[in-house]
>>> print(open('work.pdb').read())   # PDB, C-alpha atoms, pLDDT in the B column
MODEL        1
ATOM      1  CA  MET A  27      40.102  20.323 -48.929  1.00 53.00           C
ATOM      2  CA  PHE A  28      43.207  22.039 -47.499  1.00 52.00           C
ATOM      3  CA  LYS A  29      45.137  18.764 -47.508  1.00 56.00           C
ATOM      4  CA  LYS A  30      44.235  18.117 -51.163  1.00 55.00           C
ATOM      5  CA  VAL A  31      45.450  21.567 -52.230  1.00 48.00           C
ATOM      6  CA  VAL A  32      48.749  21.177 -50.357  1.00 49.00           C
ATOM      7  CA  VAL A  33      49.428  17.685 -51.711  1.00 51.00           C
ATOM      8  CA  SER A  34      48.492  18.668 -55.279  1.00 56.00           C
ATOM      9  CA  SER A  35      50.727  21.756 -55.139  1.00 54.00           C
ATOM     10  CA  GLY A  36      53.639  19.743 -53.792  1.00 52.00           C
ATOM     11  CA  LEU A  37      53.308  17.070 -56.465  1.00 52.00           C
ATOM     12  CA  ALA A  38      53.100  19.705 -59.214  1.00 52.00           C
ATOM     13  CA  LEU A  39      56.273  21.396 -57.973  1.00 51.00           C
ATOM     14  CA  MET A  40      58.026  18.044 -57.745  1.00 50.00           C
ATOM     15  CA  LEU A  41      57.165  17.265 -61.371  1.00 48.00           C
ATOM     16  CA  ALA A  42      58.198  20.765 -62.460  1.00 47.00           C
ATOM     17  CA  THR A  43      61.739  20.374 -61.139  1.00 48.00           C
ATOM     18  CA  GLY A  44      62.449  17.534 -63.580  1.00 45.00           C
ATOM     19  CA  ALA A  45      65.795  16.720 -61.942  1.00 52.00           C
ATOM     20  CA  ALA A  46      66.728  13.403 -60.399  1.00 55.00           C
ATOM     21  CA  GLN A  47      66.428  13.737 -56.647  1.00 67.00           C
ATOM     22  CA  ALA A  48      67.400  11.405 -53.837  1.00 84.00           C
ATOM     23  CA  ILE A  49      64.590   9.983 -51.715  1.00 93.00           C
ATOM     24  CA  GLU A  50      65.139   9.925 -47.971  1.00 95.00           C
ATOM     25  CA  GLY A  51      63.241   8.221 -45.158  1.00 96.00           C
ATOM     26  CA  SER A  52      63.991   8.757 -41.487  1.00 96.00           C
ATOM     27  CA  VAL A  53      62.819   7.987 -37.973  1.00 97.00           C
ATOM     28  CA  ASP A  54      63.563  10.052 -34.851  1.00 97.00           C
ATOM     29  CA  VAL A  55      62.672   8.603 -31.440  1.00 97.00           C
ATOM     30  CA  GLY A  56      62.611  10.543 -28.181  1.00 96.00           C
ATOM     31  CA  GLU A  57      61.437   9.542 -24.721  1.00 93.00           C
ATOM     32  CA  HIS A  58      57.803  10.580 -25.298  1.00 93.00           C
ATOM     33  CA  TYR A  59      57.561  11.186 -29.056  1.00 95.00           C
ATOM     34  CA  THR A  60      58.249   9.683 -32.472  1.00 96.00           C
ATOM     35  CA  ASN A  61      58.816  11.568 -35.724  1.00 96.00           C
ATOM     36  CA  LEU A  62      58.634   9.875 -39.151  1.00 97.00           C
ATOM     37  CA  ASN A  63      59.890  11.715 -42.263  1.00 97.00           C
ATOM     38  CA  VAL A  64      59.942  11.096 -46.015  1.00 97.00           C
ATOM     39  CA  GLY A  65      61.646  13.540 -48.336  1.00 96.00           C
ATOM     40  CA  LEU A  66      62.645  14.201 -51.914  1.00 96.00           C
ATOM     41  CA  GLY A  67      65.637  16.418 -52.702  1.00 93.00           C
ATOM     42  CA  THR A  68      66.346  17.219 -49.040  1.00 92.00           C
ATOM     43  CA  THR A  69      70.110  16.710 -49.348  1.00 89.00           C
ATOM     44  CA  SER A  70      70.787  18.399 -52.694  1.00 92.00           C
ATOM     45  CA  PRO A  71      70.645  22.048 -53.832  1.00 94.00           C
ATOM     46  CA  GLY A  72      67.334  23.218 -55.280  1.00 95.00           C
ATOM     47  CA  LEU A  73      63.703  22.466 -54.493  1.00 96.00           C
ATOM     48  CA  SER A  74      62.877  19.904 -51.818  1.00 96.00           C
ATOM     49  CA  LEU A  75      59.651  18.343 -50.644  1.00 97.00           C
ATOM     50  CA  SER A  76      59.174  16.397 -47.433  1.00 97.00           C
ATOM     51  CA  GLY A  77      56.407  15.106 -45.260  1.00 97.00           C
ATOM     52  CA  ASN A  78      56.364  14.125 -41.626  1.00 96.00           C
ATOM     53  CA  TRP A  79      54.171  12.725 -38.894  1.00 97.00           C
ATOM     54  CA  MET A  80      55.099  13.455 -35.282  1.00 96.00           C
ATOM     55  CA  ARG A  81      53.251  11.764 -32.443  1.00 95.00           C
ATOM     56  CA  SER A  82      53.511  12.620 -28.777  1.00 92.00           C
ATOM     57  CA  ASP A  83      52.643   9.996 -26.161  1.00 91.00           C
ATOM     58  CA  HIS A  84      50.651  12.584 -24.184  1.00 86.00           C
ATOM     59  CA  ASP A  85      49.897  15.692 -26.259  1.00 83.00           C
ATOM     60  CA  GLY A  86      48.604  14.757 -29.733  1.00 87.00           C
ATOM     61  CA  ASP A  87      50.157  14.653 -33.179  1.00 92.00           C
ATOM     62  CA  VAL A  88      51.106  16.794 -36.178  1.00 94.00           C
ATOM     63  CA  SER A  89      51.212  15.828 -39.864  1.00 96.00           C
ATOM     64  CA  GLY A  90      53.005  18.158 -42.216  1.00 95.00           C
ATOM     65  CA  LEU A  91      54.214  18.840 -45.716  1.00 97.00           C
ATOM     66  CA  ARG A  92      57.325  21.018 -46.180  1.00 97.00           C
ATOM     67  CA  LEU A  93      58.401  22.794 -49.345  1.00 97.00           C
ATOM     68  CA  GLY A  94      61.901  24.229 -49.283  1.00 97.00           C
ATOM     69  CA  TYR A  95      64.738  25.521 -51.378  1.00 97.00           C
ATOM     70  CA  ASN A  96      68.213  24.280 -50.465  1.00 97.00           C
ATOM     71  CA  VAL A  97      71.240  26.526 -50.969  1.00 97.00           C
ATOM     72  CA  GLU A  98      74.916  25.667 -50.548  1.00 96.00           C
ATOM     73  CA  VAL A  99      77.064  28.517 -49.269  1.00 95.00           C
ATOM     74  CA  GLY A 100      80.589  27.129 -49.267  1.00 94.00           C
ATOM     75  CA  SER A 101      80.334  23.970 -47.200  1.00 93.00           C
ATOM     76  CA  VAL A 102      77.259  25.198 -45.250  1.00 96.00           C
ATOM     77  CA  PHE A 103      73.842  23.965 -46.407  1.00 96.00           C
ATOM     78  CA  LEU A 104      70.909  26.390 -45.803  1.00 98.00           C
ATOM     79  CA  SER A 105      67.305  25.234 -46.200  1.00 97.00           C
ATOM     80  CA  PRO A 106      64.604  27.919 -45.891  1.00 98.00           C
ATOM     81  CA  GLY A 107      61.086  26.590 -46.256  1.00 98.00           C
ATOM     82  CA  ILE A 108      57.392  26.631 -45.459  1.00 98.00           C
ATOM     83  CA  LYS A 109      55.372  23.920 -43.774  1.00 97.00           C
ATOM     84  CA  ALA A 110      51.659  23.227 -44.037  1.00 96.00           C
ATOM     85  CA  MET A 111      50.516  21.140 -41.060  1.00 95.00           C
ATOM     86  CA  TRP A 112      47.413  19.404 -39.784  1.00 94.00           C
ATOM     87  CA  ILE A 113      47.427  19.578 -35.996  1.00 89.00           C
ATOM     88  CA  ASP A 114      45.537  17.231 -33.685  1.00 88.00           C
ATOM     89  CA  PRO A 115      46.260  18.322 -30.087  1.00 83.00           C
ATOM     90  CA  GLU A 116      45.215  16.218 -27.109  1.00 79.00           C
ATOM     91  CA  ASP A 117      43.784  19.255 -25.251  1.00 73.00           C
ATOM     92  CA  GLY A 118      42.508  21.490 -28.027  1.00 73.00           C
ATOM     93  CA  LYS A 119      40.728  21.670 -31.369  1.00 78.00           C
ATOM     94  CA  ASP A 120      42.025  20.081 -34.563  1.00 84.00           C
ATOM     95  CA  GLY A 121      43.177  22.539 -37.168  1.00 85.00           C
ATOM     96  CA  PHE A 122      45.892  23.646 -39.524  1.00 90.00           C
ATOM     97  CA  ALA A 123      48.967  25.809 -39.361  1.00 93.00           C
ATOM     98  CA  ALA A 124      51.399  27.220 -41.896  1.00 96.00           C
ATOM     99  CA  ALA A 125      54.896  27.774 -40.538  1.00 97.00           C
ATOM    100  CA  VAL A 126      57.977  29.471 -41.951  1.00 98.00           C
ATOM    101  CA  GLY A 127      61.511  28.647 -40.960  1.00 98.00           C
ATOM    102  CA  ALA A 128      64.865  27.329 -42.008  1.00 98.00           C
ATOM    103  CA  GLY A 129      67.436  24.660 -41.364  1.00 97.00           C
ATOM    104  CA  VAL A 130      71.213  24.661 -41.471  1.00 98.00           C
ATOM    105  CA  SER A 131      73.735  21.865 -41.817  1.00 97.00           C
ATOM    106  CA  ILE A 132      77.438  22.464 -41.133  1.00 97.00           C
ATOM    107  CA  PRO A 133      80.029  19.765 -41.843  1.00 96.00           C
ATOM    108  CA  VAL A 134      82.722  19.446 -39.179  1.00 97.00           C
ATOM    109  CA  THR A 135      84.571  16.528 -40.802  1.00 96.00           C
ATOM    110  CA  LYS A 136      83.797  14.285 -43.755  1.00 94.00           C
ATOM    111  CA  MET A 137      81.545  12.075 -41.591  1.00 97.00           C
ATOM    112  CA  ILE A 138      80.442  14.364 -38.724  1.00 98.00           C
ATOM    113  CA  GLY A 139      78.271  17.467 -38.925  1.00 98.00           C
ATOM    114  CA  LEU A 140      76.123  19.858 -36.916  1.00 98.00           C
ATOM    115  CA  TYR A 141      72.526  20.673 -37.839  1.00 98.00           C
ATOM    116  CA  GLY A 142      69.588  22.699 -36.629  1.00 98.00           C
ATOM    117  CA  GLU A 143      66.210  23.991 -37.734  1.00 97.00           C
ATOM    118  CA  TYR A 144      63.438  26.263 -36.494  1.00 98.00           C
ATOM    119  CA  TYR A 145      59.846  26.762 -37.715  1.00 97.00           C
ATOM    120  CA  TYR A 146      57.255  29.177 -36.355  1.00 97.00           C
ATOM    121  CA  SER A 147      53.602  29.825 -37.069  1.00 95.00           C
ATOM    122  CA  PRO A 148      51.906  32.899 -35.512  1.00 94.00           C
ATOM    123  CA  GLU A 149      48.181  33.027 -34.749  1.00 91.00           C
ATOM    124  CA  ALA A 150      47.429  34.598 -38.152  1.00 92.00           C
ATOM    125  CA  PHE A 151      48.692  31.424 -39.894  1.00 93.00           C
ATOM    126  CA  THR A 152      46.873  28.933 -37.646  1.00 90.00           C
ATOM    127  CA  ASP A 153      43.393  27.632 -37.047  1.00 84.00           C
ATOM    128  CA  HIS A 154      42.406  27.214 -33.350  1.00 79.00           C
ATOM    129  CA  LEU A 155      45.941  28.010 -32.061  1.00 83.00           C
ATOM    130  CA  ASP A 156      47.748  31.054 -30.704  1.00 86.00           C
ATOM    131  CA  SER A 157      51.004  29.787 -32.218  1.00 89.00           C
ATOM    132  CA  TYR A 158      53.069  26.761 -33.158  1.00 91.00           C
ATOM    133  CA  GLN A 159      56.836  26.427 -32.936  1.00 94.00           C
ATOM    134  CA  GLU A 160      59.380  23.690 -33.318  1.00 95.00           C
ATOM    135  CA  ALA A 161      63.154  23.629 -33.043  1.00 97.00           C
ATOM    136  CA  SER A 162      65.743  20.879 -33.230  1.00 97.00           C
ATOM    137  CA  GLY A 163      69.490  20.572 -33.394  1.00 98.00           C
ATOM    138  CA  GLY A 164      72.268  18.103 -32.889  1.00 98.00           C
ATOM    139  CA  ILE A 165      75.155  16.108 -34.298  1.00 98.00           C
ATOM    140  CA  SER A 166      75.004  13.833 -37.330  1.00 97.00           C
ATOM    141  CA  PHE A 167      77.245  10.928 -38.315  1.00 98.00           C
ATOM    142  CA  THR A 168      77.361   9.691 -41.933  1.00 96.00           C
ATOM    143  CA  PRO A 169      79.514   6.541 -42.163  1.00 96.00           C
ATOM    144  CA  ILE A 170      78.400   5.912 -45.777  1.00 95.00           C
ATOM    145  CA  SER A 171      76.491   8.177 -48.172  1.00 89.00           C
ATOM    146  CA  LEU A 172      73.272   6.149 -47.815  1.00 94.00           C
ATOM    147  CA  LEU A 173      73.086   6.259 -43.999  1.00 96.00           C
ATOM    148  CA  ASN A 174      72.896   9.147 -41.554  1.00 96.00           C
ATOM    149  CA  VAL A 175      72.636   8.735 -37.770  1.00 98.00           C
ATOM    150  CA  ARG A 176      71.637  11.693 -35.585  1.00 97.00           C
ATOM    151  CA  VAL A 177      71.639  12.547 -31.895  1.00 98.00           C
ATOM    152  CA  GLY A 178      69.932  15.769 -30.939  1.00 98.00           C
ATOM    153  CA  TYR A 179      67.321  17.708 -29.019  1.00 98.00           C
ATOM    154  CA  LYS A 180      63.806  18.572 -30.258  1.00 97.00           C
ATOM    155  CA  TYR A 181      61.183  20.969 -28.937  1.00 96.00           C
ATOM    156  CA  ALA A 182      57.698  21.339 -30.453  1.00 93.00           C
ATOM    157  CA  GLU A 183      54.850  23.253 -28.835  1.00 90.00           C
ATOM    158  CA  LEU A 184      51.233  24.091 -29.661  1.00 86.00           C
ATOM    159  CA  ASN A 185      49.967  27.197 -27.846  1.00 84.00           C
ATOM    160  CA  ASN A 186      46.208  26.691 -27.682  1.00 77.00           C
ATOM    161  CA  LYS A 187      43.672  29.528 -27.606  1.00 75.00           C
ATOM    162  CA  GLY A 188      41.667  30.432 -24.531  1.00 69.00           C
ATOM    163  CA  ASP A 189      41.819  28.375 -21.363  1.00 68.00           C
ATOM    164  CA  ARG A 190      42.980  25.180 -23.088  1.00 68.00           C
ATOM    165  CA  LYS A 191      46.249  23.675 -21.886  1.00 71.00           C
ATOM    166  CA  ASP A 192      49.206  24.175 -24.231  1.00 75.00           C
ATOM    167  CA  ASN A 193      50.533  20.973 -25.785  1.00 83.00           C
ATOM    168  CA  VAL A 194      54.256  20.221 -25.790  1.00 88.00           C
ATOM    169  CA  LEU A 195      54.650  17.487 -28.387  1.00 89.00           C
ATOM    170  CA  ALA A 196      58.404  17.089 -27.988  1.00 93.00           C
ATOM    171  CA  ASP A 197      60.852  18.358 -25.404  1.00 94.00           C
ATOM    172  CA  GLY A 198      63.958  16.272 -25.036  1.00 95.00           C
ATOM    173  CA  PRO A 199      66.809  14.374 -26.605  1.00 98.00           C
ATOM    174  CA  TYR A 200      66.317  11.941 -29.458  1.00 97.00           C
ATOM    175  CA  ILE A 201      68.192   9.491 -31.624  1.00 98.00           C
ATOM    176  CA  GLY A 202      67.425   9.157 -35.300  1.00 97.00           C
ATOM    177  CA  ALA A 203      68.529   7.512 -38.512  1.00 97.00           C
ATOM    178  CA  SER A 204      67.826   8.090 -42.183  1.00 96.00           C
ATOM    179  CA  LEU A 205      68.381   6.138 -45.364  1.00 96.00           C
ATOM    180  CA  ARG A 206      68.850   7.766 -48.769  1.00 92.00           C
ATOM    181  CA  PHE A 207      68.364   6.035 -52.092  1.00 87.00           C
TER     182      PHE A 207
ENDMDL
END
>>> encode(input="work.pdb", output="structure tokens")
Amino acid sequence: MFKKVVVSSGLALMLATGAAQAIEGSVDVGEHYTNLNVGLGTTSPGLSLSGNWMRSDHDGDVSGLRLGYNVEVGSVFLSPGIKAMWIDPEDGKDGFAAAVGAGVSIPVTKMIGLYGEYYYSPEAFTDHLDSYQEASGGISFTPISLLNVRVGYKYAELNNKGDRKDNVLADGPYIGASLRF
């Protein structure tokens, strides 16, 4: 039921914006995890909607839907947002989490930029977890407007309740690429 409400709300907001938005698909691969993303409006000012699926080789997976609002401040791009996630830890109970956070993108040159993001969900916004947090940052290279290549570091952790082992879904460097059309 929770998934249906989140998806329906996201689709309604997407239709309400009425503006032409770029669609983006990306893949990030680290040593022990993979993260797939699809987004709408993630690189332009205004509302954005994106979904992701991150899988750890050893600690479970997370599926999420993010709703954000992108703001340009000079050449800096700020992206505050909320994420609704379904969490399936290897050593814990399945459940949901709602996280708040933001991202930032800073151009260094026309083709090179710095980026970072952080999302956090306290126990009050989770089901079967003490907390959830994820952070990433790195350098991006955009040789043409349709392609973006990234090198960075990602950390994502599920703090389980009780005596269950915490799950670190991602903790290490990654390489990624995205296409926009």
>>> residues_around(input="work.pdb", residues="Val64 of chain A", least_positions_apart="3", cutoff="8 Å", atoms="all atoms listed in the file", output="PyMOL selection string")
chain A and resi 49-52+76-78
>>> resolve_selection(input="work.pdb", expression="the PyMOL selection byres ((chain A and resi 106) around 7)", output="number ranges by chain")
A: 94-96, 104-105, 107, 127-129
>>> write_last_selection(input="work.pdb", atoms="C-alpha atoms", output="mmCIF file, in the coordinates of the input")
data_model
loop_
_atom_site.group_PDB
_atom_site.id
_atom_site.type_symbol
_atom_site.label_atom_id
_atom_site.label_comp_id
_atom_site.auth_asym_id
_atom_site.auth_seq_id
_atom_site.Cartn_x
_atom_site.Cartn_y
_atom_site.Cartn_z
ATOM 1 C CA GLY A 94 61.901 24.229 -49.283
ATOM 2 C CA TYR A 95 64.738 25.521 -51.378
ATOM 3 C CA ASN A 96 68.213 24.280 -50.465
ATOM 4 C CA LEU A 104 70.909 26.390 -45.803
ATOM 5 C CA SER A 105 67.305 25.234 -46.200
ATOM 6 C CA GLY A 107 61.086 26.590 -46.256
ATOM 7 C CA GLY A 127 61.511 28.647 -40.960
ATOM 8 C CA ALA A 128 64.865 27.329 -42.008
ATOM 9 C CA GLY A 129 67.436 24.660 -41.364
#
>>> atom_distance(input="work.pdb", atom1="atom CA of Asp83 of chain A", atom2="atom CA of Ala161 of chain A")
18.5 Å
>>> resolve_selection(input="work.pdb", expression="the PyMOL selection byres ((chain A and resi 158) around 8)", output="PyMOL selection string")
chain A and resi 123+125+146-148+152+155-157+159-160+182-185
>>> write_last_selection(input="work.pdb", atoms="C-alpha atoms", output="PDB file, in the frame of the given file")
ATOM      1  CA  ALA A 123      48.967  25.809 -39.361  1.00 93.00           C
ATOM      2  CA  ALA A 125      54.896  27.774 -40.538  1.00 97.00           C
ATOM      3  CA  TYR A 146      57.255  29.177 -36.355  1.00 97.00           C
ATOM      4  CA  SER A 147      53.602  29.825 -37.069  1.00 95.00           C
ATOM      5  CA  PRO A 148      51.906  32.899 -35.512  1.00 94.00           C
ATOM      6  CA  THR A 152      46.873  28.933 -37.646  1.00 90.00           C
ATOM      7  CA  LEU A 155      45.941  28.010 -32.061  1.00 83.00           C
ATOM      8  CA  ASP A 156      47.748  31.054 -30.704  1.00 86.00           C
ATOM      9  CA  SER A 157      51.004  29.787 -32.218  1.00 89.00           C
ATOM     10  CA  GLN A 159      56.836  26.427 -32.936  1.00 94.00           C
ATOM     11  CA  GLU A 160      59.380  23.690 -33.318  1.00 95.00           C
ATOM     12  CA  ALA A 182      57.698  21.339 -30.453  1.00 93.00           C
ATOM     13  CA  GLU A 183      54.850  23.253 -28.835  1.00 90.00           C
ATOM     14  CA  LEU A 184      51.233  24.091 -29.661  1.00 86.00           C
ATOM     15  CA  ASN A 185      49.967  27.197 -27.846  1.00 84.00           C
TER      16      ASN A 185
END
>>> resolve_selection(input="work.pdb", expression="the PyMOL selection byres ((chain A and resi 133) around 10)", output="ChimeraX atom specification")
/A:101-103,131-132,134-141,165-167
>>> closest_residue(input="work.pdb", among="A:Asn174, A:Thr168, A:Thr69, A:Thr60", to="Gly86 of chain A", atoms="only C-alpha atoms")
A:Thr60
>>> closest_residue(input="work.pdb", among="A:Lys187, A:Arg176, A:Lys119, A:His84", to="Glu149 of chain A", atoms="all atoms listed in the file")
A:Lys187
>>> axis_aligned_box(input="work.pdb", around="segment 126-136 of chain A", padding_each_side="8 Å", output="lines of an AutoDock Vina configuration file")
center_x = 71.3
center_y = 21.9
center_z = -41.5
size_x = 42.6
size_y = 31.2
size_z = 20.6
>>> closest_residue(input="work.pdb", among="A:Asp114, A:Val97, A:Ala196, A:Gly67", to="Val130 of chain A", atoms="all atoms listed in the file")
A:Val97
>>> atom_distance(input="work.pdb", atom1="atom CA of Asp120 of chain A", atom2="atom CA of Asp153 of chain A")
8.1 Å
>>> atom_distance(input="work.pdb", atom1="atom CA of Pro115 of chain A", atom2="atom CA of Trp79 of chain A")
13.1 Å
